[in-house]
$ cat coords23.cif   # mmCIF, C-alpha atoms
data_query
loop_
_atom_site.label_atom_id
_atom_site.label_comp_id
_atom_site.auth_asym_id
_atom_site.auth_seq_id
_atom_site.Cartn_x
_atom_site.Cartn_y
_atom_site.Cartn_z
CA MET R 197 -179.56 4.72 30.08
CA ASN R 198 -176.62 6.65 28.64
CA ALA R 199 -175.99 10.34 29.22
CA GLU R 200 -177.90 11.49 26.13
CA GLU R 201 -180.97 9.42 27.08
CA LEU R 202 -180.85 10.76 30.62
CA LYS R 203 -180.66 14.29 29.23
CA GLN R 204 -183.72 13.67 27.05
CA ALA R 205 -185.57 12.26 30.06
CA GLY R 206 -184.58 15.36 32.04
CA ASN R 207 -185.81 17.64 29.25
CA LYS R 208 -189.14 15.87 29.30
CA PHE R 209 -189.53 16.36 33.05
CA PHE R 210 -188.51 19.97 32.58
CA GLN R 211 -191.18 20.59 29.93
CA ASN R 212 -193.78 19.19 32.33
CA GLY R 213 -192.62 21.51 35.08
CA ASP R 214 -191.25 18.72 37.26
CA TRP R 215 -188.03 20.51 38.26
CA LEU R 216 -186.89 18.02 40.91
CA SER R 217 -187.05 14.98 38.63
CA ALA R 218 -185.39 16.94 35.83
CA ASP R 219 -182.59 17.93 38.24
CA LYS R 220 -182.06 14.25 39.16
CA LYS R 221 -181.85 13.12 35.53
CA TYR R 222 -179.36 15.83 34.58
CA THR R 223 -177.28 14.98 37.67
CA GLN R 224 -177.17 11.31 36.61
CA ALA R 225 -176.25 12.36 33.09
CA ILE R 226 -173.40 14.53 34.37
CA ALA R 227 -172.11 11.60 36.46
CA LEU R 228 -171.75 9.61 33.23
CA ASP R 229 -170.46 12.43 31.04
CA SER R 230 -169.02 15.55 32.63
CA SER R 231 -167.61 16.90 29.36
CA ASN R 232 -170.91 18.01 27.79
CA TYR R 233 -171.51 21.65 28.71
CA THR R 234 -175.20 21.60 27.74
CA LEU R 235 -175.88 19.16 30.60
CA PHE R 236 -174.62 21.85 32.97
CA THR R 237 -176.61 24.68 31.36
CA ASN R 238 -179.75 22.53 31.39
CA ARG R 239 -179.29 21.74 35.07
CA ALA R 240 -178.56 25.41 35.76
CA LEU R 241 -181.90 26.33 34.21
CA VAL R 242 -183.71 23.83 36.44
CA ARG R 243 -181.90 25.12 39.50
CA LEU R 244 -182.80 28.67 38.54
CA LYS R 245 -186.43 27.54 38.73
CA LEU R 246 -185.70 25.87 42.07
CA GLU R 247 -184.10 29.13 43.27
CA ARG R 248 -180.85 27.33 44.15
CA TYR R 249 -178.78 30.27 42.98
CA ASP R 250 -175.36 29.22 44.32
CA ASP R 251 -175.74 25.89 42.51
CA VAL R 252 -176.78 27.73 39.34
CA ILE R 253 -173.52 29.68 39.45
CA ASN R 254 -171.47 26.50 39.97
CA ASP R 255 -173.14 24.80 37.00
CA CYS R 256 -172.67 27.89 34.84
CA MET R 257 -168.98 28.03 35.74
CA SER R 258 -168.61 24.34 34.79
CA ALA R 259 -170.36 25.00 31.48
CA ILE R 260 -168.18 28.06 30.78
CA ASN R 261 -165.01 26.10 31.61
CA LEU R 262 -166.05 23.48 29.04
CA ASN R 263 -167.10 26.05 26.45
CA ARG R 264 -166.11 29.68 26.82
CA ASP R 265 -168.81 30.69 24.30
CA ALA R 266 -171.68 29.13 26.26
CA MET R 267 -173.98 32.15 26.08
CA LYS R 268 -176.59 30.55 28.34
CA GLY R 269 -173.95 29.86 30.97
CA HIS R 270 -173.06 33.54 31.21
CA TYR R 271 -176.72 34.55 30.95
CA MET R 272 -177.96 32.34 33.78
CA ALA R 273 -174.96 33.12 35.99
CA ALA R 274 -175.93 36.79 35.66
CA GLN R 275 -179.56 36.00 36.53
CA ALA R 276 -178.53 34.06 39.64
CA LEU R 277 -176.16 36.82 40.75
CA ILE R 278 -178.93 39.38 40.43
CA HIS R 279 -181.10 37.23 42.68
CA LEU R 280 -178.22 37.12 45.16
CA SER R 281 -177.91 40.94 44.99
CA ARG R 282 -174.40 40.81 43.54
CA PRO R 283 -174.98 43.25 40.67
CA SER R 284 -171.36 44.06 39.78
CA GLU R 285 -170.50 40.43 39.12
CA ALA R 286 -173.87 39.96 37.39
CA LEU R 287 -173.07 42.86 35.08
CA GLY R 288 -169.80 41.23 33.99
CA PHE R 289 -171.52 37.97 33.06
CA ALA R 290 -174.47 39.76 31.43
CA MET R 291 -172.18 41.87 29.23
CA THR R 292 -170.28 38.78 28.07
CA ALA R 293 -173.60 37.02 27.43
CA TYR R 294 -174.68 40.02 25.37
CA GLN R 295 -171.51 39.96 23.24
CA LEU R 296 -172.01 36.23 22.62
CA ALA R 297 -175.72 36.65 21.85
CA ILE R 298 -174.86 39.26 19.20
CA GLN R 299 -172.08 37.13 17.68
CA GLN R 300 -174.34 34.09 17.60
CA HIS R 301 -177.34 36.07 16.25
CA SER R 302 -179.30 34.71 19.18
CA LYS R 303 -183.01 35.41 19.42
CA SER R 304 -182.50 36.05 23.13
CA ALA R 305 -180.39 39.17 22.44
CA THR R 306 -183.21 41.47 23.60
CA ASP R 307 -183.67 39.54 26.84
CA VAL R 308 -179.93 39.58 27.46
CA ALA R 309 -179.81 43.32 26.77
CA ASN R 310 -182.59 43.78 29.34
CA LEU R 311 -180.61 41.76 31.85
CA VAL R 312 -177.62 44.06 31.34
CA LEU R 313 -179.89 46.99 32.15
CA GLU R 314 -181.32 45.18 35.17
CA ALA R 315 -177.82 44.57 36.53
CA LYS R 316 -176.91 48.23 35.97
CA LYS R 317 -180.05 49.30 37.76
CA GLN R 318 -179.40 47.06 40.74
CA ARG R 319 -175.80 48.22 40.95
CA TRP R 320 -176.90 51.86 40.84
CA LYS R 321 -179.43 51.28 43.62
CA LYS R 322 -176.79 49.65 45.78
CA LEU R 323 -174.33 52.52 45.26
CA GLU R 324 -177.11 55.03 45.89
CA ARG R 325 -178.04 53.34 49.14
CA ASN R 326 -174.42 53.37 50.29
CA ARG R 327 -174.12 57.02 49.39
CA ILE R 328 -177.30 57.94 51.27
CA ASP R 329 -176.16 55.93 54.29
CA LYS R 330 -172.84 57.77 54.23
CA ASP R 331 -174.51 61.18 53.86
CA MET R 332 -176.93 60.29 56.63
CA SER R 333 -174.15 59.24 58.97
CA LEU R 334 -172.37 62.54 58.36
CA LEU R 335 -175.62 64.42 58.93
CA ASN R 336 -176.32 62.48 62.13
CA GLN R 337 -172.79 63.10 63.43
CA MET R 338 -173.23 66.83 62.94
CA LYS R 339 -176.66 66.75 64.56
CA ASP R 340 -175.12 64.92 67.53
CA LEU R 341 -172.51 67.68 67.81
CA ILE R 342 -175.19 70.39 67.90
CA LYS R 343 -177.11 68.43 70.47
CA SER R 344 -174.19 67.75 72.81
CA ASP R 345 -173.07 71.36 72.48
CA SER R 346 -176.50 72.66 73.54
CA GLU R 347 -176.68 70.13 76.41
CA ARG R 348 -173.26 71.22 77.66
CA ARG R 349 -174.41 74.84 77.62
CA ILE R 350 -177.55 73.92 79.53
CA VAL R 351 -175.50 72.09 82.18
CA ASP R 352 -173.23 75.14 82.52
CA LEU R 353 -176.26 77.35 82.90
CA ARG R 354 -177.75 75.10 85.60
CA GLU R 355 -174.49 75.35 87.58
CA GLU R 356 -174.55 79.10 87.18
CA GLN R 357 -178.16 79.10 88.39
CA TRP R 358 -177.13 77.05 91.48
CA ASP R 359 -174.50 79.62 92.45
CA SER R 360 -176.48 82.66 91.38
CA THR R 361 -178.05 85.17 93.74
CA ASP R 362 -179.57 87.21 90.89
CA ARG R 363 -183.33 86.81 91.36
CA GLU R 364 -184.15 88.94 88.29
CA ARG R 365 -182.46 86.53 85.85
CA ASP R 366 -184.84 84.02 84.13
CA PHE R 367 -182.71 80.91 83.66
CA GLU R 368 -185.62 78.81 82.33
CA ALA R 369 -186.13 81.29 79.47
CA GLU R 370 -182.42 81.19 78.64
CA ILE R 371 -182.49 77.39 78.53
CA ALA R 372 -185.53 77.49 76.26
CA VAL R 373 -183.59 79.80 73.90
CA ILE R 374 -180.67 77.36 73.79
CA ARG R 375 -183.04 74.48 72.97
CA GLU R 376 -184.78 76.50 70.27
CA ASP R 377 -181.43 77.54 68.71
CA ALA R 378 -180.35 73.92 68.52
CA ARG R 379 -183.62 72.88 66.90
CA VAL R 380 -183.32 75.61 64.23
CA GLN R 381 -179.67 74.72 63.58
CA MET R 382 -180.55 71.07 63.02
CA GLU R 383 -183.36 71.98 60.66
CA ASP R 384 -181.07 74.30 58.66
CA LEU R 385 -178.48 71.57 58.47
CA GLY R 386 -181.03 69.12 57.08
CA ASN R 387 -182.02 71.67 54.42
CA VAL R 388 -178.39 72.24 53.43
CA PHE R 389 -177.93 68.51 52.91
CA ALA R 390 -181.08 68.31 50.80
CA ARG R 391 -179.91 71.24 48.64
CA ALA R 392 -176.49 69.65 48.18
CA ASP R 393 -178.22 66.75 46.40
CA PRO R 394 -179.86 68.41 43.37
CA GLN R 395 -179.88 65.03 41.59
CA ARG R 396 -183.04 64.15 43.47
CA TYR R 397 -184.79 67.28 42.27
CA LYS R 398 -183.86 66.93 38.60
CA PRO R 399 -186.71 66.04 36.24
CA ARG R 400 -186.59 62.32 35.57
CA GLU R 401 -186.66 62.23 31.79
CA VAL R 402 -184.45 60.42 29.34
CA PRO R 403 -183.66 62.71 26.38
CA ASP R 404 -185.21 61.57 23.09
CA TYR R 405 -181.84 61.13 21.40
CA LEU R 406 -180.98 58.32 23.83
CA ILE R 407 -184.25 56.48 23.14
CA ASP R 408 -184.55 53.61 20.68
CA SER R 409 -187.46 54.40 18.36
CA ILE R 410 -188.58 50.75 18.21
CA SER R 411 -188.64 49.72 21.87
CA PHE R 412 -188.90 53.32 23.22
CA SER R 413 -186.29 52.41 25.85
CA ILE R 414 -182.86 53.85 26.50
CA MET R 415 -180.22 52.35 24.18
CA THR R 416 -177.22 50.45 25.49
CA ASP R 417 -175.61 49.38 22.22
CA PRO R 418 -176.67 51.87 19.55
CA VAL R 419 -175.96 51.15 15.89
CA VAL R 420 -176.47 53.55 13.02
CA THR R 421 -178.10 52.84 9.63
CA LYS R 422 -177.09 54.17 6.24
CA ASN R 423 -179.42 57.14 6.59
CA GLY R 424 -178.05 58.12 9.98
CA GLN R 425 -180.82 56.89 12.26
CA SER R 426 -179.65 55.03 15.39
CA TYR R 427 -181.35 52.01 16.96
CA ASP R 428 -180.42 49.67 19.73
CA ARG R 429 -178.62 46.67 18.23
CA SER R 430 -180.88 44.12 19.90
CA THR R 431 -184.17 45.66 18.70
CA ILE R 432 -183.07 46.39 15.12
CA MET R 433 -181.86 42.78 14.96
CA ASP R 434 -185.34 41.65 16.00
CA HIS R 435 -186.77 43.72 13.18
CA LEU R 436 -184.25 42.57 10.56
CA ARG R 437 -184.96 38.94 11.36
CA ARG R 438 -188.49 39.64 10.19
CA SER R 439 -187.80 42.02 7.34
CA ASN R 440 -184.58 43.16 5.72
CA THR R 441 -185.67 46.77 5.36
CA ASP R 442 -184.78 50.08 6.92
CA PRO R 443 -187.68 50.86 9.30
CA LEU R 444 -187.82 54.49 8.20
CA THR R 445 -187.14 54.38 4.45
CA ARG R 446 -188.06 50.74 3.68
CA GLU R 447 -184.87 50.49 1.62
CA PRO R 448 -183.04 47.16 1.84
CA LEU R 449 -181.01 46.92 5.04
CA ARG R 450 -178.92 44.02 6.32
CA MET R 451 -177.26 43.43 9.66
CA GLU R 452 -173.86 43.87 7.98
CA ASP R 453 -174.86 47.42 7.00
CA LEU R 454 -175.16 48.52 10.62
CA ARG R 455 -172.27 50.38 12.22
CA PRO R 456 -171.77 50.92 15.93
CA ASN R 457 -172.45 54.48 17.09
CA LEU R 458 -169.64 54.76 19.60
CA ALA R 459 -170.14 58.38 20.66
CA LEU R 460 -173.83 57.80 21.34
CA LYS R 461 -172.99 54.58 23.19
CA GLN R 462 -170.70 56.57 25.46
CA VAL R 463 -173.42 59.16 26.13
CA CYS R 464 -175.98 56.43 26.93
CA ALA R 465 -173.51 54.70 29.25
CA GLU R 466 -172.77 57.93 31.10
CA PHE R 467 -176.45 58.73 31.44
CA LEU R 468 -177.12 55.26 32.84
CA GLU R 469 -174.18 55.50 35.21
CA GLU R 470 -175.89 58.47 36.86
CA ASN R 471 -179.54 57.52 36.45
CA ALA R 472 -179.83 53.74 36.09
CA GLY R 473 -182.09 53.54 39.12
CA TRP R 474 -185.04 54.97 37.25
CA ALA R 475 -183.91 55.34 33.60
CA VAL R 476 -184.01 51.57 33.04
CA ASP R 477 -187.75 51.53 33.65
CA TYR R 478 -188.35 54.87 31.97
CA MET D 100 -190.06 41.24 24.50
CA PHE D 101 -190.83 44.90 25.01
CA ALA D 102 -194.46 45.14 23.83
CA THR D 103 -195.93 46.21 27.18
CA LYS D 104 -193.22 48.74 27.93
CA ARG D 105 -193.48 50.28 24.50
CA LEU D 106 -197.31 50.49 24.73
CA GLN D 107 -197.06 52.09 28.17
CA LYS D 108 -194.98 54.84 26.62
CA GLU D 109 -197.30 55.21 23.62
CA LEU D 110 -200.20 55.55 26.03
CA HIS D 111 -198.30 58.20 27.93
CA ASN D 112 -197.50 60.06 24.68
CA ILE D 113 -201.08 60.09 23.39
CA GLN D 114 -202.31 61.73 26.58
CA LYS D 115 -200.91 64.86 24.98
CA PRO D 116 -203.20 66.34 22.32
CA LEU D 117 -203.72 63.97 19.39
CA PRO D 118 -204.08 65.19 15.80
CA PRO D 119 -207.59 66.53 15.04
CA GLY D 120 -210.16 63.82 14.37
CA ILE D 121 -208.35 61.13 16.37
CA SER D 122 -209.19 60.24 19.96
CA ILE D 123 -208.87 57.38 22.43
CA ALA D 124 -212.07 55.39 22.96
CA SER D 125 -210.68 52.95 25.52
CA THR D 126 -207.43 51.24 26.42
CA PRO D 127 -208.49 48.40 28.73
CA ASP D 128 -205.10 46.64 28.70
CA PHE D 129 -201.91 46.33 26.73
CA SER D 130 -203.26 43.83 24.22
CA ASN D 131 -206.31 45.76 23.02
CA TRP D 132 -206.97 49.45 22.39
CA LYS D 133 -209.90 51.20 20.76
CA MET D 134 -209.53 54.47 18.92
CA ASP D 135 -212.14 56.78 17.36
CA ILE D 136 -211.43 58.48 14.07
CA GLN D 137 -213.29 61.09 12.11
CA VAL D 138 -212.84 62.55 8.63
CA LEU D 139 -212.50 66.29 8.91
CA ASP D 140 -213.27 67.68 5.45
CA ASN D 141 -216.69 67.72 3.80
CA ASN D 142 -216.42 64.33 2.11
CA PRO D 143 -220.13 63.43 1.88
CA LEU D 144 -219.38 59.73 2.46
CA TYR D 145 -218.12 60.30 5.98
CA ALA D 146 -219.40 63.74 7.03
CA ASP D 147 -220.27 63.99 10.74
CA LYS D 148 -219.57 60.29 11.34
CA ILE D 149 -217.21 58.81 13.90
CA TYR D 150 -215.71 55.37 13.32
CA ARG D 151 -214.11 53.01 15.80
CA LEU D 152 -210.85 51.16 15.23
CA ASN D 153 -209.94 48.07 17.21
CA PHE D 154 -206.19 47.50 17.78
CA LYS D 155 -204.94 44.11 18.90
CA PHE D 156 -201.29 43.84 19.90
CA SER D 157 -199.28 40.65 20.15
CA GLN D 158 -196.31 40.18 22.45
CA ALA D 159 -194.12 40.80 19.41
CA TYR D 160 -195.43 44.34 18.86
CA PRO D 161 -193.94 46.58 17.43
CA ILE D 162 -191.75 44.12 15.53
CA GLU D 163 -195.02 42.58 14.37
CA ALA D 164 -197.83 44.83 13.11
CA PRO D 165 -200.92 45.28 15.29
CA GLU D 166 -204.15 43.79 14.01
CA VAL D 167 -206.38 46.75 13.13
CA THR D 168 -210.05 46.49 12.13
CA PHE D 169 -213.10 48.72 12.19
CA ILE D 170 -215.77 47.54 14.64
CA LYS D 171 -219.46 48.19 15.13
CA GLU D 172 -219.83 49.45 18.66
CA ASP D 173 -221.71 52.30 20.39
CA GLY D 174 -223.62 52.98 17.16
CA ARG D 175 -220.45 53.26 15.07
CA ASP D 176 -220.63 51.85 11.55
CA ILE D 177 -218.06 50.33 9.20
CA PRO D 178 -217.05 53.09 6.73
CA MET D 179 -217.76 52.61 3.03
CA HIS D 180 -214.47 52.17 1.15
CA PRO D 181 -213.20 49.97 -1.70
CA HIS D 182 -210.49 48.64 0.64
CA ILE D 183 -212.64 48.03 3.70
CA TYR D 184 -214.77 44.90 3.93
CA SER D 185 -218.17 45.16 5.54
CA ASN D 186 -216.96 43.09 8.53
CA GLY D 187 -214.39 45.80 9.30
CA VAL D 188 -211.27 44.18 7.84
CA ILE D 189 -208.98 46.80 6.27
CA CYS D 190 -206.75 46.24 3.24
CA LEU D 191 -203.76 48.43 3.93
CA ASP D 192 -200.21 47.40 3.06
CA LEU D 193 -198.95 49.38 6.05
CA LEU D 194 -200.66 46.87 8.34
CA GLY D 195 -199.21 43.89 6.51
CA SER D 196 -196.16 43.55 4.33
CA ASN D 197 -195.20 47.20 4.68
CA TRP D 198 -195.37 47.43 8.46
CA SER D 199 -192.41 49.08 10.12
CA PRO D 200 -191.69 49.07 13.86
CA VAL D 201 -191.23 52.84 13.90
CA GLN D 202 -194.93 53.17 13.14
CA ASN D 203 -197.22 53.57 16.14
CA VAL D 204 -200.90 53.72 17.04
CA GLU D 205 -201.11 57.42 16.27
CA SER D 206 -199.45 57.12 12.85
CA VAL D 207 -201.64 54.15 11.90
CA CYS D 208 -204.76 56.15 12.81
CA MET D 209 -203.52 59.04 10.67
CA SER D 210 -202.89 56.74 7.69
CA ILE D 211 -206.36 55.25 7.92
CA GLN D 212 -207.87 58.70 8.35
CA SER D 213 -206.19 59.93 5.16
CA MET D 214 -207.19 56.75 3.34
CA LEU D 215 -210.82 57.68 4.08
CA THR D 216 -210.35 61.38 3.33
CA SER D 217 -209.10 60.73 -0.21
CA ASN D 218 -211.82 58.25 -1.11
CA THR D 219 -214.77 59.16 -3.35
CA LYS D 220 -216.19 55.71 -4.14
CA ASN D 221 -219.23 54.57 -2.24
CA GLU D 222 -218.43 50.87 -2.57
CA ARG D 223 -217.03 47.74 -0.91
CA PRO D 224 -214.10 45.68 -2.21
CA PRO D 225 -214.97 43.17 -4.96
CA GLY D 226 -216.07 39.84 -3.49
CA ASP D 227 -217.12 41.43 -0.20
CA ASP D 228 -220.06 39.04 0.38
CA ALA D 229 -217.97 35.93 -0.17
CA PHE D 230 -215.17 37.34 1.98
CA VAL D 231 -217.45 38.13 4.90
CA ARG D 232 -219.15 34.72 4.61
CA SER D 233 -215.77 33.01 4.73
CA GLY D 234 -215.55 34.36 8.26
CA TYR D 235 -212.01 35.75 8.09
CA ARG D 236 -211.46 38.14 10.96
CA SER D 237 -207.71 38.33 10.99
CA PRO D 238 -206.36 40.45 8.18
CA ARG D 239 -202.94 38.83 8.58
CA ASN D 240 -204.21 35.53 7.19
CA ILE D 241 -205.21 37.06 3.91
CA ASN D 242 -203.06 37.81 0.95
CA PHE D 243 -204.57 41.01 -0.24
CA VAL D 244 -204.40 41.90 -3.87
CA TYR D 245 -203.86 45.59 -4.12
CA ASP D 246 -205.37 45.77 -7.56
CA ASP D 247 -206.75 49.25 -7.40
CA ASN D 248 -204.03 51.82 -6.88
CA THR D 249 -206.24 54.78 -7.62
CA VAL D 250 -207.77 54.79 -4.15
#
$ encode --input "coords23.cif" --output "structure tokens"
Amino acid sequence: MNAEELKQAGNKFFQNGDWLSADKKYTQAIALDSSNYTLFTNRALVRLKLERYDDVINDCMSAINLNRDAMKGHYMAAQALIHLSRPSEALGFAMTAYQLAIQQHSKSATDVANLVLEAKKQRWKKLERNRIDKDMSLLNQMKDLIKSDSERRIVDLREEQWDSTDRERDFEAEIAVIREDARVQMEDLGNVFARADPQRYKPREVPDYLIDSISFSIMTDPVVTKNGQSYDRSTIMDHLRRSNTDPLTREPLRMEDLRPNLALKQVCAEFLEENAGWAVDY
Amino acid sequence: MFATKRLQKELHNIQKPLPPGISIASTPDFSNWKMDIQVLDNNPLYADKIYRLNFKFSQAYPIEAPEVTFIKEDGRDIPMHPHIYSNGVICLDLLGSNWSPVQNVESVCMSIQSMLTSNTKNERPPGDDAFVRSGYRSPRNINFVYDDNTV
């Protein structure tokens, strides 16, 4: 069999859900012809199913080296990187995939746009976790200081008690006061830290003007129509593929009539930067 | 596709008060909702009656229109109207060629409500018997002729 026949055989196995056999066929095909980037993207898709994420990334890189515009190569690399919890790299690939999907009028543009959001969300969660860990370590350090300070005072008091001849003085009560003071101080400290993080108490709502009125999700790439209404590029493209009309006025509308809404894009990006952890699923 | 996510948000939105005469009957999952509608003025054709609309959503909703029909259920009847067949199929351009993805369940209910409100004819579309016998359930498969623009 030549490379093309092996690829067809692999596709057939893939359609039947036999990932391992499909993987073998694509590997044989690549051995015969390593210049066809679709062999690499096909094998990457199989390996995505097999959860061999490092291999997916290698195949995607091979495909991208052969064809810089291989949208699927960027798309699957981003998917694999998300599975490997490497959201910053995933975001880079997903954004390139999105640009290519738009240029190529790909039907997957919505899925790619969702992947961009997913990568942003994962990156936000990772940053948030780091931030909380850092805050917590500062909080714990300060609690340790309070604790060691109160213990030192108790030790001093015990020594005083050892040397003391004053029978009237209630050392146990004084020690209890020191312990109680420390407990109150630690509680206050915890409250101060909680108040310093108002973000967590803010209502979790995405303002309407950032919401695409077709998908009802936050926009990432808003475009504006002739009558001034903004939609996310990927969803309005879905609509225009079906009908070349403005969704609100039903006047004729073509993809070429859409203009990017850069200011709104900036606002959406800033909102997501601060709230991606929940706003993506809002 | 974003059908489920969008319907989740619509469901959330219609928990707030709906326009008078429109209410949720049941929303078992994100492919099928049932809504009750009622005509509010004294139109003798529909006075004191509640009708039930069945919404079916595909994965492509809201890019694709939902399939909306009247159903007989819980004693609800199919309203008399020159654009509504006796098996519940509705002739409404909004649900076919004139669908727009910015429409939603609430706005569709309001359109159908006003379509009933303005009607005075106690009749079915021409060819109703033949149409019902043909067994068409899906309004999308039919090329409606909107021959009567007075209704």
$ resolve_selection --input "coords23.cif" --expression "the PyMOL selection byres ((chain R) within 6 of (chain D))" --output "ChimeraX atom specification"
/R:410-412,435,443
$ atom_distance --input "coords23.cif" --atom1 "CA of Glu368 in chain R" --atom2 "CA of Ile342 in chain R"
19.7 Å
$ atom_distance --input "coords23.cif" --atom1 "CA of Cys464 in chain R" --atom2 "CA of Ser304 in chain R"
21.7 Å
$ atom_distance --input "coords23.cif" --atom1 "CA of Glu401 in chain R" --atom2 "CA of Thr421 in chain R"
25.5 Å
$ resolve_selection --input "coords23.cif" --expression "the PyMOL selection byres ((chain D and resi 179-186) around 6)" --output "PyMOL selection string"
chain D and resi 178+187-190+221-224+227
$ decode --input "coords23.cif" --residues "range 218-229 of chain D" --atoms "C-alpha atoms" --output "short mmCIF file (atom, residue, chain, number, x, y, z; two decimals), in the first residue's frame"
data_model
loop_
_atom_site.label_atom_id
_atom_site.label_comp_id
_atom_site.auth_asym_id
_atom_site.auth_seq_id
_atom_site.Cartn_x
_atom_site.Cartn_y
_atom_site.Cartn_z
CA ASN D 218 -57.68 36.50 14.83
CA THR D 219 -61.45 36.61 14.30
CA LYS D 220 -61.96 33.63 11.97
CA ASN D 221 -63.23 30.41 13.47
CA GLU D 222 -61.60 28.19 10.84
CA ARG D 223 -58.71 25.88 9.96
CA PRO D 224 -56.28 26.40 7.06
CA PRO D 225 -57.54 25.23 3.65
CA GLY D 226 -56.75 21.55 3.08
CA ASP D 227 -56.54 20.82 6.80
CA ASP D 228 -57.96 17.27 6.50
CA ALA D 229 -55.55 16.26 3.77
#
